[in-house]
file data_23.cif (mmCIF, N, CA and C atoms)
data_run
loop_
_atom_site.group_PDB
_atom_site.id
_atom_site.type_symbol
_atom_site.label_atom_id
_atom_site.label_comp_id
_atom_site.auth_asym_id
_atom_site.auth_seq_id
_atom_site.Cartn_x
_atom_site.Cartn_y
_atom_site.Cartn_z
ATOM 1 N N ALA A 522 -46.432 12.801 46.250
ATOM 2 C CA ALA A 522 -45.790 11.543 46.610
ATOM 3 C C ALA A 522 -46.631 10.365 46.135
ATOM 4 N N MET A 523 -47.947 10.537 46.204
ATOM 5 C CA MET A 523 -48.837 9.449 45.806
ATOM 6 C C MET A 523 -48.711 9.159 44.312
ATOM 7 N N SER A 524 -48.655 10.222 43.495
ATOM 8 C CA SER A 524 -48.555 9.997 42.054
ATOM 9 C C SER A 524 -47.185 9.439 41.677
ATOM 10 N N LYS A 525 -46.153 9.812 42.424
ATOM 11 C CA LYS A 525 -44.812 9.241 42.183
ATOM 12 C C LYS A 525 -44.834 7.737 42.449
ATOM 13 N N SER A 526 -45.542 7.335 43.476
ATOM 14 C CA SER A 526 -45.653 5.913 43.793
ATOM 15 C C SER A 526 -46.410 5.174 42.695
ATOM 16 N N ALA A 527 -47.456 5.811 42.176
ATOM 17 C CA ALA A 527 -48.234 5.189 41.106
ATOM 18 C C ALA A 527 -47.390 5.034 39.846
ATOM 19 N N VAL A 528 -46.552 6.012 39.547
ATOM 20 C CA VAL A 528 -45.658 5.925 38.391
ATOM 21 C C VAL A 528 -44.663 4.796 38.587
ATOM 22 N N LYS A 529 -44.141 4.662 39.802
ATOM 23 C CA LYS A 529 -43.195 3.584 40.102
ATOM 24 C C LYS A 529 -43.867 2.222 39.941
ATOM 25 N N ILE A 530 -45.076 2.093 40.429
ATOM 26 C CA ILE A 530 -45.812 0.829 40.315
ATOM 27 C C ILE A 530 -46.053 0.492 38.846
ATOM 28 N N SER A 531 -46.470 1.489 38.072
ATOM 29 C CA SER A 531 -46.741 1.224 36.655
ATOM 30 C C SER A 531 -45.461 0.846 35.911
ATOM 31 N N SER A 532 -44.346 1.468 36.256
ATOM 32 C CA SER A 532 -43.062 1.106 35.639
ATOM 33 C C SER A 532 -42.668 -0.315 36.010
ATOM 34 N N ASP A 533 -42.879 -0.670 37.263
ATOM 35 C CA ASP A 533 -42.579 -2.039 37.706
ATOM 36 C C ASP A 533 -43.448 -3.062 36.982
ATOM 37 N N LEU A 534 -44.713 -2.717 36.774
ATOM 38 C CA LEU A 534 -45.610 -3.627 36.056
ATOM 39 C C LEU A 534 -45.157 -3.832 34.611
ATOM 40 N N LEU A 535 -44.658 -2.752 34.000
ATOM 41 C CA LEU A 535 -44.187 -2.865 32.620
ATOM 42 C C LEU A 535 -42.986 -3.801 32.497
ATOM 43 N N SER A 536 -42.175 -3.858 33.526
ATOM 44 C CA SER A 536 -41.006 -4.730 33.473
ATOM 45 C C SER A 536 -41.330 -6.166 33.897
ATOM 46 N N ASN A 537 -42.577 -6.435 34.233
ATOM 47 C CA ASN A 537 -43.008 -7.772 34.630
ATOM 48 C C ASN A 537 -42.960 -8.718 33.424
ATOM 49 N N PRO A 538 -42.425 -9.924 33.606
ATOM 50 C CA PRO A 538 -42.351 -10.886 32.493
ATOM 51 C C PRO A 538 -43.725 -11.250 31.911
ATOM 52 N N LEU A 539 -44.776 -11.086 32.686
ATOM 53 C CA LEU A 539 -46.117 -11.394 32.196
ATOM 54 C C LEU A 539 -46.498 -10.501 31.012
ATOM 55 N N CYS A 540 -45.925 -9.270 30.973
ATOM 56 C CA CYS A 540 -46.202 -8.363 29.857
ATOM 57 C C CYS A 540 -45.701 -8.949 28.536
ATOM 58 N N GLU A 541 -44.597 -9.674 28.590
ATOM 59 C CA GLU A 541 -44.064 -10.291 27.376
ATOM 60 C C GLU A 541 -44.934 -11.460 26.921
ATOM 61 N N GLN A 542 -45.566 -12.141 27.859
ATOM 62 C CA GLN A 542 -46.352 -13.331 27.536
ATOM 63 C C GLN A 542 -47.775 -12.993 27.098
ATOM 64 N N GLU A 543 -48.357 -11.969 27.689
ATOM 65 C CA GLU A 543 -49.752 -11.616 27.417
ATOM 66 C C GLU A 543 -49.863 -10.231 26.772
ATOM 67 N N PRO A 544 -50.099 -10.150 25.463
ATOM 68 C CA PRO A 544 -50.216 -8.838 24.797
ATOM 69 C C PRO A 544 -51.351 -7.977 25.362
ATOM 70 N N SER A 545 -52.436 -8.584 25.755
ATOM 71 C CA SER A 545 -53.549 -7.798 26.304
ATOM 72 C C SER A 545 -53.161 -7.167 27.647
ATOM 73 N N PHE A 546 -52.408 -7.910 28.458
ATOM 74 C CA PHE A 546 -51.925 -7.375 29.735
ATOM 75 C C PHE A 546 -50.947 -6.227 29.480
ATOM 76 N N LEU A 547 -50.060 -6.391 28.493
ATOM 77 C CA LEU A 547 -49.106 -5.338 28.141
ATOM 78 C C LEU A 547 -49.846 -4.072 27.711
ATOM 79 N N GLU A 548 -50.885 -4.227 26.916
ATOM 80 C CA GLU A 548 -51.662 -3.079 26.455
ATOM 81 C C GLU A 548 -52.314 -2.352 27.631
ATOM 82 N N MET A 549 -52.879 -3.119 28.543
ATOM 83 C CA MET A 549 -53.537 -2.533 29.708
ATOM 84 C C MET A 549 -52.518 -1.818 30.607
ATOM 85 N N VAL A 550 -51.376 -2.440 30.847
ATOM 86 C CA VAL A 550 -50.353 -1.847 31.716
ATOM 87 C C VAL A 550 -49.752 -0.605 31.057
ATOM 88 N N THR A 551 -49.585 -0.638 29.751
ATOM 89 C CA THR A 551 -49.065 0.541 29.036
ATOM 90 C C THR A 551 -50.035 1.713 29.169
ATOM 91 N N ALA A 552 -51.314 1.457 29.021
ATOM 92 C CA ALA A 552 -52.319 2.509 29.191
ATOM 93 C C ALA A 552 -52.299 3.049 30.623
ATOM 94 N N PHE A 553 -52.174 2.146 31.587
ATOM 95 C CA PHE A 553 -52.100 2.549 32.992
ATOM 96 C C PHE A 553 -50.848 3.407 33.227
ATOM 97 N N ASP A 554 -49.714 2.984 32.675
ATOM 98 C CA ASP A 554 -48.457 3.717 32.837
ATOM 99 C C ASP A 554 -48.578 5.124 32.253
ATOM 100 N N THR A 555 -49.163 5.228 31.066
ATOM 101 C CA THR A 555 -49.349 6.540 30.430
ATOM 102 C C THR A 555 -50.243 7.433 31.292
ATOM 103 N N ALA A 556 -51.325 6.878 31.798
ATOM 104 C CA ALA A 556 -52.240 7.654 32.640
ATOM 105 C C ALA A 556 -51.559 8.124 33.922
ATOM 106 N N MET A 557 -50.757 7.269 34.528
ATOM 107 C CA MET A 557 -50.072 7.636 35.773
ATOM 108 C C MET A 557 -49.032 8.729 35.519
ATOM 109 N N LYS A 558 -48.328 8.641 34.403
ATOM 110 C CA LYS A 558 -47.333 9.675 34.080
ATOM 111 C C LYS A 558 -48.006 11.009 33.808
ATOM 112 N N ARG A 559 -49.148 10.970 33.133
ATOM 113 C CA ARG A 559 -49.894 12.215 32.886
ATOM 114 C C ARG A 559 -50.398 12.813 34.196
ATOM 115 N N MET A 560 -50.902 11.962 35.070
ATOM 116 C CA MET A 560 -51.400 12.429 36.362
ATOM 117 C C MET A 560 -50.260 13.052 37.171
ATOM 118 N N ASP A 561 -49.092 12.412 37.165
ATOM 119 C CA ASP A 561 -47.945 12.939 37.895
ATOM 120 C C ASP A 561 -47.526 14.293 37.330
ATOM 121 N N SER A 562 -47.488 14.403 36.019
ATOM 122 C CA SER A 562 -47.129 15.671 35.382
ATOM 123 C C SER A 562 -48.129 16.768 35.742
ATOM 124 N N PHE A 563 -49.414 16.445 35.685
ATOM 125 C CA PHE A 563 -50.458 17.400 36.040
ATOM 126 C C PHE A 563 -50.315 17.845 37.493
ATOM 127 N N ASN A 564 -50.108 16.893 38.382
ATOM 128 C CA ASN A 564 -49.956 17.220 39.803
ATOM 129 C C ASN A 564 -48.742 18.096 40.045
ATOM 130 N N GLN A 565 -47.643 17.814 39.352
ATOM 131 C CA GLN A 565 -46.427 18.605 39.529
ATOM 132 C C GLN A 565 -46.647 20.032 39.052
ATOM 133 N N GLU A 566 -47.355 20.208 37.936
ATOM 134 C CA GLU A 566 -47.663 21.554 37.448
ATOM 135 C C GLU A 566 -48.505 22.319 38.469
ATOM 136 N N LYS A 567 -49.476 21.644 39.052
ATOM 137 C CA LYS A 567 -50.333 22.301 40.056
ATOM 138 C C LYS A 567 -49.536 22.681 41.294
ATOM 139 N N VAL A 568 -48.651 21.808 41.735
ATOM 140 C CA VAL A 568 -47.814 22.101 42.905
ATOM 141 C C VAL A 568 -46.922 23.298 42.612
ATOM 142 N N ASP A 569 -46.313 23.323 41.426
ATOM 143 C CA ASP A 569 -45.452 24.443 41.052
ATOM 144 C C ASP A 569 -46.239 25.742 41.009
ATOM 145 N N TRP A 570 -47.442 25.695 40.463
ATOM 146 C CA TRP A 570 -48.271 26.895 40.354
ATOM 147 C C TRP A 570 -48.641 27.421 41.736
ATOM 148 N N VAL A 571 -49.080 26.545 42.617
ATOM 149 C CA VAL A 571 -49.460 26.947 43.974
ATOM 150 C C VAL A 571 -48.249 27.509 44.706
ATOM 151 N N TRP A 572 -47.103 26.874 44.522
ATOM 152 C CA TRP A 572 -45.878 27.321 45.180
ATOM 153 C C TRP A 572 -45.524 28.732 44.744
ATOM 154 N N LEU A 573 -45.645 29.022 43.449
ATOM 155 C CA LEU A 573 -45.337 30.359 42.949
ATOM 156 C C LEU A 573 -46.421 31.363 43.326
ATOM 157 N N GLU A 574 -47.682 30.920 43.279
ATOM 158 C CA GLU A 574 -48.804 31.805 43.606
ATOM 159 C C GLU A 574 -48.732 32.308 45.039
ATOM 160 N N ASN A 575 -48.354 31.440 45.944
ATOM 161 C CA ASN A 575 -48.302 31.797 47.359
ATOM 162 C C ASN A 575 -47.057 32.590 47.721
ATOM 163 N N GLY A 576 -46.221 32.860 46.735
ATOM 164 C CA GLY A 576 -45.027 33.647 46.992
ATOM 165 C C GLY A 576 -43.922 32.878 47.682
ATOM 166 N N ALA A 577 -43.995 31.574 47.651
ATOM 167 C CA ALA A 577 -42.971 30.772 48.311
ATOM 168 C C ALA A 577 -41.610 30.987 47.675
ATOM 169 N N ALA A 578 -41.602 31.219 46.372
ATOM 170 C CA ALA A 578 -40.325 31.439 45.685
ATOM 171 C C ALA A 578 -39.642 32.690 46.234
ATOM 172 N N GLY A 579 -40.421 33.736 46.458
ATOM 173 C CA GLY A 579 -39.851 34.963 47.014
ATOM 174 C C GLY A 579 -39.332 34.771 48.425
ATOM 175 N N ARG A 580 -40.079 34.018 49.229
ATOM 176 C CA ARG A 580 -39.633 33.765 50.600
ATOM 177 C C ARG A 580 -38.351 32.940 50.614
ATOM 178 N N VAL A 581 -38.244 31.995 49.689
ATOM 179 C CA VAL A 581 -37.025 31.184 49.617
ATOM 180 C C VAL A 581 -35.837 32.072 49.255
ATOM 181 N N MET A 582 -36.034 32.956 48.286
ATOM 182 C CA MET A 582 -34.943 33.843 47.881
ATOM 183 C C MET A 582 -34.558 34.793 49.011
ATOM 184 N N GLU A 583 -35.537 35.266 49.768
ATOM 185 C CA GLU A 583 -35.236 36.147 50.894
ATOM 186 C C GLU A 583 -34.405 35.415 51.943
ATOM 187 N N SER A 584 -34.787 34.184 52.244
ATOM 188 C CA SER A 584 -34.020 33.436 53.246
ATOM 189 C C SER A 584 -32.650 33.082 52.699
ATOM 190 N N PHE A 585 -32.562 32.813 51.413
ATOM 191 C CA PHE A 585 -31.284 32.520 50.770
ATOM 192 C C PHE A 585 -30.364 33.728 50.887
ATOM 193 N N SER A 586 -30.928 34.912 50.658
ATOM 194 C CA SER A 586 -30.147 36.141 50.736
ATOM 195 C C SER A 586 -29.672 36.410 52.153
ATOM 196 N N SER A 587 -30.495 36.075 53.138
ATOM 197 C CA SER A 587 -30.083 36.320 54.512
ATOM 198 C C SER A 587 -29.007 35.334 54.961
ATOM 199 N N VAL A 588 -29.010 34.134 54.393
ATOM 200 C CA VAL A 588 -28.001 33.142 54.759
ATOM 201 C C VAL A 588 -26.677 33.451 54.070
ATOM 202 N N PHE A 589 -26.750 33.961 52.842
ATOM 203 C CA PHE A 589 -25.544 34.267 52.077
ATOM 204 C C PHE A 589 -25.516 35.752 51.719
ATOM 205 N N PRO A 590 -25.218 36.626 52.676
ATOM 206 C CA PRO A 590 -25.272 38.060 52.395
ATOM 207 C C PRO A 590 -24.265 38.493 51.328
ATOM 208 N N SER A 591 -23.116 37.826 51.242
ATOM 209 C CA SER A 591 -22.133 38.212 50.231
ATOM 210 C C SER A 591 -22.671 37.956 48.825
ATOM 211 N N LEU A 592 -23.436 36.901 48.680
ATOM 212 C CA LEU A 592 -24.050 36.612 47.380
ATOM 213 C C LEU A 592 -25.070 37.692 47.033
ATOM 214 N N ASN A 593 -25.837 38.099 48.006
ATOM 215 C CA ASN A 593 -26.824 39.161 47.798
ATOM 216 C C ASN A 593 -26.126 40.451 47.367
ATOM 217 N N MET A 594 -25.017 40.772 48.009
ATOM 218 C CA MET A 594 -24.262 41.975 47.639
ATOM 219 C C MET A 594 -23.704 41.847 46.222
ATOM 220 N N ALA A 595 -23.239 40.671 45.858
ATOM 221 C CA ALA A 595 -22.695 40.457 44.518
ATOM 222 C C ALA A 595 -23.785 40.628 43.461
ATOM 223 N N VAL A 596 -24.970 40.153 43.753
ATOM 224 C CA VAL A 596 -26.091 40.314 42.819
ATOM 225 C C VAL A 596 -26.437 41.790 42.669
ATOM 226 N N LYS A 597 -26.453 42.524 43.776
ATOM 227 C CA LYS A 597 -26.748 43.958 43.713
ATOM 228 C C LYS A 597 -25.672 44.706 42.927
ATOM 229 N N ARG A 598 -24.390 44.359 43.160
ATOM 230 C CA ARG A 598 -23.300 45.000 42.406
ATOM 231 C C ARG A 598 -23.420 44.702 40.916
ATOM 232 N N ARG A 599 -23.787 43.473 40.597
ATOM 233 C CA ARG A 599 -23.944 43.099 39.190
ATOM 234 C C ARG A 599 -25.059 43.906 38.541
ATOM 235 N N GLU A 600 -26.176 44.043 39.241
ATOM 236 C CA GLU A 600 -27.297 44.816 38.706
ATOM 237 C C GLU A 600 -26.899 46.276 38.498
ATOM 238 N N GLN A 601 -26.164 46.842 39.457
ATOM 239 C CA GLN A 601 -25.724 48.225 39.339
ATOM 240 C C GLN A 601 -24.758 48.382 38.169
ATOM 241 N N THR A 602 -23.842 47.449 38.018
ATOM 242 C CA THR A 602 -22.881 47.496 36.917
ATOM 243 C C THR A 602 -23.595 47.372 35.580
ATOM 244 N N LEU A 603 -24.580 46.507 35.522
ATOM 245 C CA LEU A 603 -25.351 46.342 34.292
ATOM 246 C C LEU A 603 -26.096 47.627 33.932
ATOM 247 N N GLN A 604 -26.671 48.296 34.920
ATOM 248 C CA GLN A 604 -27.353 49.569 34.666
ATOM 249 C C GLN A 604 -26.364 50.627 34.176
ATOM 250 N N ASP A 605 -25.178 50.670 34.815
ATOM 251 C CA ASP A 605 -24.142 51.614 34.383
ATOM 252 C C ASP A 605 -23.719 51.342 32.946
ATOM 253 N N TYR A 606 -23.533 50.079 32.629
ATOM 254 C CA TYR A 606 -23.128 49.699 31.277
ATOM 255 C C TYR A 606 -24.170 50.149 30.256
ATOM 256 N N LYS A 607 -25.444 49.899 30.546
ATOM 257 C CA LYS A 607 -26.502 50.291 29.617
ATOM 258 C C LYS A 607 -26.549 51.803 29.429
ATOM 259 N N ARG A 608 -26.360 52.523 30.539
ATOM 260 C CA ARG A 608 -26.364 53.985 30.468
ATOM 261 C C ARG A 608 -25.219 54.484 29.606
ATOM 262 N N LEU A 609 -24.025 53.942 29.829
ATOM 263 C CA LEU A 609 -22.860 54.365 29.059
ATOM 264 C C LEU A 609 -22.963 53.933 27.598
ATOM 265 N N GLN A 610 -23.527 52.767 27.357
ATOM 266 C CA GLN A 610 -23.702 52.287 25.984
ATOM 267 C C GLN A 610 -24.630 53.220 25.211
ATOM 268 N N SER A 611 -25.680 53.710 25.855
ATOM 269 C CA SER A 611 -26.585 54.634 25.167
ATOM 270 C C SER A 611 -25.876 55.957 24.866
ATOM 271 N N LYS A 612 -24.980 56.396 25.766
ATOM 272 C CA LYS A 612 -24.207 57.615 25.511
ATOM 273 C C LYS A 612 -23.304 57.421 24.300
ATOM 274 N N VAL A 613 -22.629 56.292 24.232
ATOM 275 C CA VAL A 613 -21.735 56.008 23.104
ATOM 276 C C VAL A 613 -22.524 56.006 21.800
ATOM 277 N N GLU A 614 -23.682 55.361 21.810
ATOM 278 C CA GLU A 614 -24.503 55.332 20.601
ATOM 279 C C GLU A 614 -24.934 56.735 20.192
ATOM 280 N N LYS A 615 -25.232 57.574 21.177
ATOM 281 C CA LYS A 615 -25.632 58.957 20.895
ATOM 282 C C LYS A 615 -24.476 59.718 20.247
ATOM 283 N N TYR A 616 -23.258 59.555 20.781
ATOM 284 C CA TYR A 616 -22.098 60.256 20.228
ATOM 285 C C TYR A 616 -21.705 59.710 18.854
ATOM 286 N N GLU A 617 -21.934 58.427 18.623
ATOM 287 C CA GLU A 617 -21.618 57.850 17.316
ATOM 288 C C GLU A 617 -22.542 58.391 16.232
ATOM 289 N N GLU A 618 -23.755 58.766 16.604
ATOM 290 C CA GLU A 618 -24.701 59.313 15.639
ATOM 291 C C GLU A 618 -24.391 60.767 15.294
ATOM 292 N N LYS A 619 -23.661 61.456 16.178
ATOM 293 C CA LYS A 619 -23.358 62.875 15.948
ATOM 294 C C LYS A 619 -22.241 63.006 14.917
ATOM 295 N N GLU A 620 -22.029 64.239 14.500
ATOM 296 C CA GLU A 620 -20.953 64.559 13.560
ATOM 297 C C GLU A 620 -19.603 64.268 14.188
ATOM 298 N N ARG A 621 -18.666 63.869 13.387
ATOM 299 C CA ARG A 621 -17.326 63.499 13.892
ATOM 300 C C ARG A 621 -16.448 64.744 14.017
ATOM 301 N N THR A 622 -16.688 65.499 15.068
ATOM 302 C CA THR A 622 -15.867 66.682 15.338
ATOM 303 C C THR A 622 -14.895 66.357 16.464
ATOM 304 N N GLY A 623 -13.991 67.249 16.728
ATOM 305 C CA GLY A 623 -12.973 67.042 17.761
ATOM 306 C C GLY A 623 -13.525 66.690 19.129
ATOM 307 N N PRO A 624 -14.438 67.500 19.690
ATOM 308 C CA PRO A 624 -14.959 67.186 21.027
ATOM 309 C C PRO A 624 -15.725 65.856 21.082
ATOM 310 N N VAL A 625 -16.475 65.545 20.021
ATOM 311 C CA VAL A 625 -17.238 64.296 20.003
ATOM 312 C C VAL A 625 -16.282 63.102 19.959
ATOM 313 N N LEU A 626 -15.244 63.185 19.121
ATOM 314 C CA LEU A 626 -14.256 62.096 19.045
ATOM 315 C C LEU A 626 -13.527 61.909 20.374
ATOM 316 N N ALA A 627 -13.264 63.014 21.043
ATOM 317 C CA ALA A 627 -12.582 62.916 22.353
ATOM 318 C C ALA A 627 -13.463 62.200 23.364
ATOM 319 N N LYS A 628 -14.741 62.502 23.355
ATOM 320 C CA LYS A 628 -15.649 61.834 24.291
ATOM 321 C C LYS A 628 -15.840 60.357 23.951
ATOM 322 N N LEU A 629 -15.790 60.032 22.653
ATOM 323 C CA LEU A 629 -15.934 58.641 22.245
ATOM 324 C C LEU A 629 -14.760 57.785 22.727
ATOM 325 N N HIS A 630 -13.589 58.369 22.779
ATOM 326 C CA HIS A 630 -12.392 57.596 23.134
ATOM 327 C C HIS A 630 -12.066 57.621 24.617
ATOM 328 N N GLN A 631 -12.950 58.149 25.425
ATOM 329 C CA GLN A 631 -12.732 58.166 26.881
ATOM 330 C C GLN A 631 -12.975 56.809 27.468
#
call {"tool": "encode", "arguments": {"input": "data_23.cif", "output": "structure tokens"}}
result
Amino acid sequence: AMSKSAVKISSDLLSNPLCEQEPSFLEMVTAFDTAMKRMDSFNQEKVDWVWLENGAAGRVMESFSSVFPSLNMAVKRREQTLQDYKRLQSKVEKYEEKERTGPVLAKLHQ
């Protein structure tokens, strides 16, 4: 929150009419604005890293799943369907590589 405030202050300073009148002030405020934006970006990366490191993302997903059980079931069904599809796709590829005989063609068209 502190770095967000600093970014807001630096943006406000850049829009100050004094920046148009004094080139040296504009240069100083621009440098300050760049530094504040870099600091905010750095802080946000650290917050994201700590949040992921502590497993907060997993806890959020667990609570999300408990609040919306139908969504959790839909995700599980999708994963199961995807596994089935991959399994069947590998079977089709295996049969396509074999000789084109009657039984193989019958299995391909099932």
call {"tool": "axis_aligned_box", "arguments": {"input": "data_23.cif", "around": "stretch 524-537 of chain A", "padding_each_side": "3 Å", "output": "AutoDock Vina command-line options"}}
result
--center_x -44.8 --center_y 0.8 --center_z 38.1 --size_x 13.6 --size_y 24.9 --size_z 17.3
call {"tool": "atom_distance", "arguments": {"input": "data_23.cif", "atom1": "atom N of A:Val596", "atom2": "atom N of A:Val613"}}
result
25.4 Å
call {"tool": "atom_distance", "arguments": {"input": "data_23.cif", "atom1": "atom CA of A:Pro544", "atom2": "atom N of A:Phe563"}}
result
27.5 Å
call {"tool": "atom_distance", "arguments": {"input": "data_23.cif", "atom1": "atom CA of A:Pro624", "atom2": "atom CA of A:Gln601"}}
result
28.5 Å
call {"tool": "closest_atom_pairs", "arguments": {"input": "data_23.cif", "of": "stretch 544-568 of chain A", "to": "stretch 526-529 of chain A", "cutoff": "8 Å", "atoms": "all atoms listed in the file", "output": "JSON lines"}}
result
{"residue": "A:Phe553", "atom": "C", "partner": "A:Ala527", "partner_atom": "C", "distance": 7.6}
{"residue": "A:Asp554", "atom": "CA", "partner": "A:Val528", "partner_atom": "CA", "distance": 6.6}
{"residue": "A:Ala556", "atom": "C", "partner": "A:Val528", "partner_atom": "CA", "distance": 7.7}
{"residue": "A:Met557", "atom": "C", "partner": "A:Val528", "partner_atom": "CA", "distance": 5.2}
{"residue": "A:Lys558", "atom": "N", "partner": "A:Val528", "partner_atom": "CA", "distance": 5.5}
{"residue": "A:Asp561", "atom": "CA", "partner": "A:Val528", "partner_atom": "N", "distance": 7.3}
call {"tool": "closest_residue", "arguments": {"input": "data_23.cif", "among": "A:Asp605, A:Leu539, A:Asn564, A:Ser531", "to": "A:Thr551", "atoms": "only C-alpha atoms"}}
result
A:Ser531
call {"tool": "build_atoms", "arguments": {"input": "data_23.cif", "residues": "stretch 560-568 of chain A", "atoms": "all heavy atoms", "output": "PDB file, keeping the file's coordinate frame"}}
result
ATOM      1  N   MET A 560     -50.902  11.962  35.070  1.00  0.00           N
ATOM      2  CA  MET A 560     -51.400  12.429  36.362  1.00  0.00           C
ATOM      3  C   MET A 560     -50.260  13.052  37.171  1.00  0.00           C
ATOM      4  O   MET A 560     -50.416  14.121  37.773  1.00  0.00           O
ATOM      5  CB  MET A 560     -52.017  11.274  37.152  1.00  0.00           C
ATOM      6  CG  MET A 560     -52.590  11.702  38.494  1.00  0.00           C
ATOM      7  SD  MET A 560     -53.283  10.357  39.443  1.00  0.00           S
ATOM      8  CE  MET A 560     -51.833   9.433  39.880  1.00  0.00           C
ATOM      9  N   ASP A 561     -49.092  12.412  37.165  1.00  0.00           N
ATOM     10  CA  ASP A 561     -47.945  12.939  37.895  1.00  0.00           C
ATOM     11  C   ASP A 561     -47.526  14.293  37.330  1.00  0.00           C
ATOM     12  O   ASP A 561     -47.250  15.236  38.081  1.00  0.00           O
ATOM     13  CB  ASP A 561     -46.787  11.948  37.833  1.00  0.00           C
ATOM     14  CG  ASP A 561     -45.599  12.421  38.628  1.00  0.00           C
ATOM     15  OD1 ASP A 561     -45.774  12.765  39.820  1.00  0.00           O
ATOM     16  OD2 ASP A 561     -44.494  12.447  38.071  1.00  0.00           O
ATOM     17  N   SER A 562     -47.488  14.403  36.019  1.00  0.00           N
ATOM     18  CA  SER A 562     -47.129  15.671  35.382  1.00  0.00           C
ATOM     19  C   SER A 562     -48.129  16.768  35.742  1.00  0.00           C
ATOM     20  O   SER A 562     -47.746  17.891  36.077  1.00  0.00           O
ATOM     21  CB  SER A 562     -47.075  15.473  33.875  1.00  0.00           C
ATOM     22  OG  SER A 562     -46.848  16.684  33.228  1.00  0.00           O
ATOM     23  N   PHE A 563     -49.414  16.445  35.685  1.00  0.00           N
ATOM     24  CA  PHE A 563     -50.458  17.400  36.040  1.00  0.00           C
ATOM     25  C   PHE A 563     -50.315  17.845  37.493  1.00  0.00           C
ATOM     26  O   PHE A 563     -50.391  19.037  37.810  1.00  0.00           O
ATOM     27  CB  PHE A 563     -51.831  16.768  35.801  1.00  0.00           C
ATOM     28  CG  PHE A 563     -52.973  17.632  36.209  1.00  0.00           C
ATOM     29  CD1 PHE A 563     -53.380  18.683  35.402  1.00  0.00           C
ATOM     30  CD2 PHE A 563     -53.649  17.408  37.396  1.00  0.00           C
ATOM     31  CE1 PHE A 563     -54.438  19.490  35.769  1.00  0.00           C
ATOM     32  CE2 PHE A 563     -54.713  18.209  37.765  1.00  0.00           C
ATOM     33  CZ  PHE A 563     -55.101  19.257  36.951  1.00  0.00           C
ATOM     34  N   ASN A 564     -50.108  16.893  38.382  1.00  0.00           N
ATOM     35  CA  ASN A 564     -49.956  17.220  39.803  1.00  0.00           C
ATOM     36  C   ASN A 564     -48.742  18.096  40.045  1.00  0.00           C
ATOM     37  O   ASN A 564     -48.786  19.033  40.843  1.00  0.00           O
ATOM     38  CB  ASN A 564     -49.856  15.945  40.646  1.00  0.00           C
ATOM     39  CG  ASN A 564     -51.175  15.237  40.776  1.00  0.00           C
ATOM     40  OD1 ASN A 564     -52.227  15.805  40.516  1.00  0.00           O
ATOM     41  ND2 ASN A 564     -51.126  13.970  41.159  1.00  0.00           N
ATOM     42  N   GLN A 565     -47.643  17.814  39.352  1.00  0.00           N
ATOM     43  CA  GLN A 565     -46.427  18.605  39.529  1.00  0.00           C
ATOM     44  C   GLN A 565     -46.647  20.032  39.052  1.00  0.00           C
ATOM     45  O   GLN A 565     -46.197  20.983  39.691  1.00  0.00           O
ATOM     46  CB  GLN A 565     -45.251  17.959  38.783  1.00  0.00           C
ATOM     47  CG  GLN A 565     -43.925  18.598  39.116  1.00  0.00           C
ATOM     48  CD  GLN A 565     -43.598  18.527  40.596  1.00  0.00           C
ATOM     49  OE1 GLN A 565     -43.735  17.499  41.229  1.00  0.00           O
ATOM     50  NE2 GLN A 565     -43.177  19.640  41.163  1.00  0.00           N
ATOM     51  N   GLU A 566     -47.355  20.208  37.936  1.00  0.00           N
ATOM     52  CA  GLU A 566     -47.663  21.554  37.448  1.00  0.00           C
ATOM     53  C   GLU A 566     -48.505  22.319  38.469  1.00  0.00           C
ATOM     54  O   GLU A 566     -48.267  23.496  38.716  1.00  0.00           O
ATOM     55  CB  GLU A 566     -48.418  21.480  36.122  1.00  0.00           C
ATOM     56  CG  GLU A 566     -47.568  21.086  34.953  1.00  0.00           C
ATOM     57  CD  GLU A 566     -48.383  20.934  33.676  1.00  0.00           C
ATOM     58  OE1 GLU A 566     -49.537  21.393  33.634  1.00  0.00           O
ATOM     59  OE2 GLU A 566     -47.844  20.342  32.745  1.00  0.00           O
ATOM     60  N   LYS A 567     -49.476  21.644  39.052  1.00  0.00           N
ATOM     61  CA  LYS A 567     -50.333  22.301  40.056  1.00  0.00           C
ATOM     62  C   LYS A 567     -49.536  22.681  41.294  1.00  0.00           C
ATOM     63  O   LYS A 567     -49.706  23.762  41.842  1.00  0.00           O
ATOM     64  CB  LYS A 567     -51.513  21.400  40.447  1.00  0.00           C
ATOM     65  CG  LYS A 567     -52.503  21.210  39.352  1.00  0.00           C
ATOM     66  CD  LYS A 567     -53.109  22.536  38.953  1.00  0.00           C
ATOM     67  CE  LYS A 567     -54.061  22.399  37.809  1.00  0.00           C
ATOM     68  NZ  LYS A 567     -54.428  23.665  37.218  1.00  0.00           N
ATOM     69  N   VAL A 568     -48.651  21.808  41.735  1.00  0.00           N
ATOM     70  CA  VAL A 568     -47.814  22.101  42.905  1.00  0.00           C
ATOM     71  C   VAL A 568     -46.922  23.298  42.612  1.00  0.00           C
ATOM     72  O   VAL A 568     -46.799  24.211  43.432  1.00  0.00           O
ATOM     73  CB  VAL A 568     -46.976  20.863  43.304  1.00  0.00           C
ATOM     74  CG1 VAL A 568     -45.869  21.238  44.266  1.00  0.00           C
ATOM     75  CG2 VAL A 568     -47.866  19.800  43.908  1.00  0.00           C
TER      76      VAL A 568
END
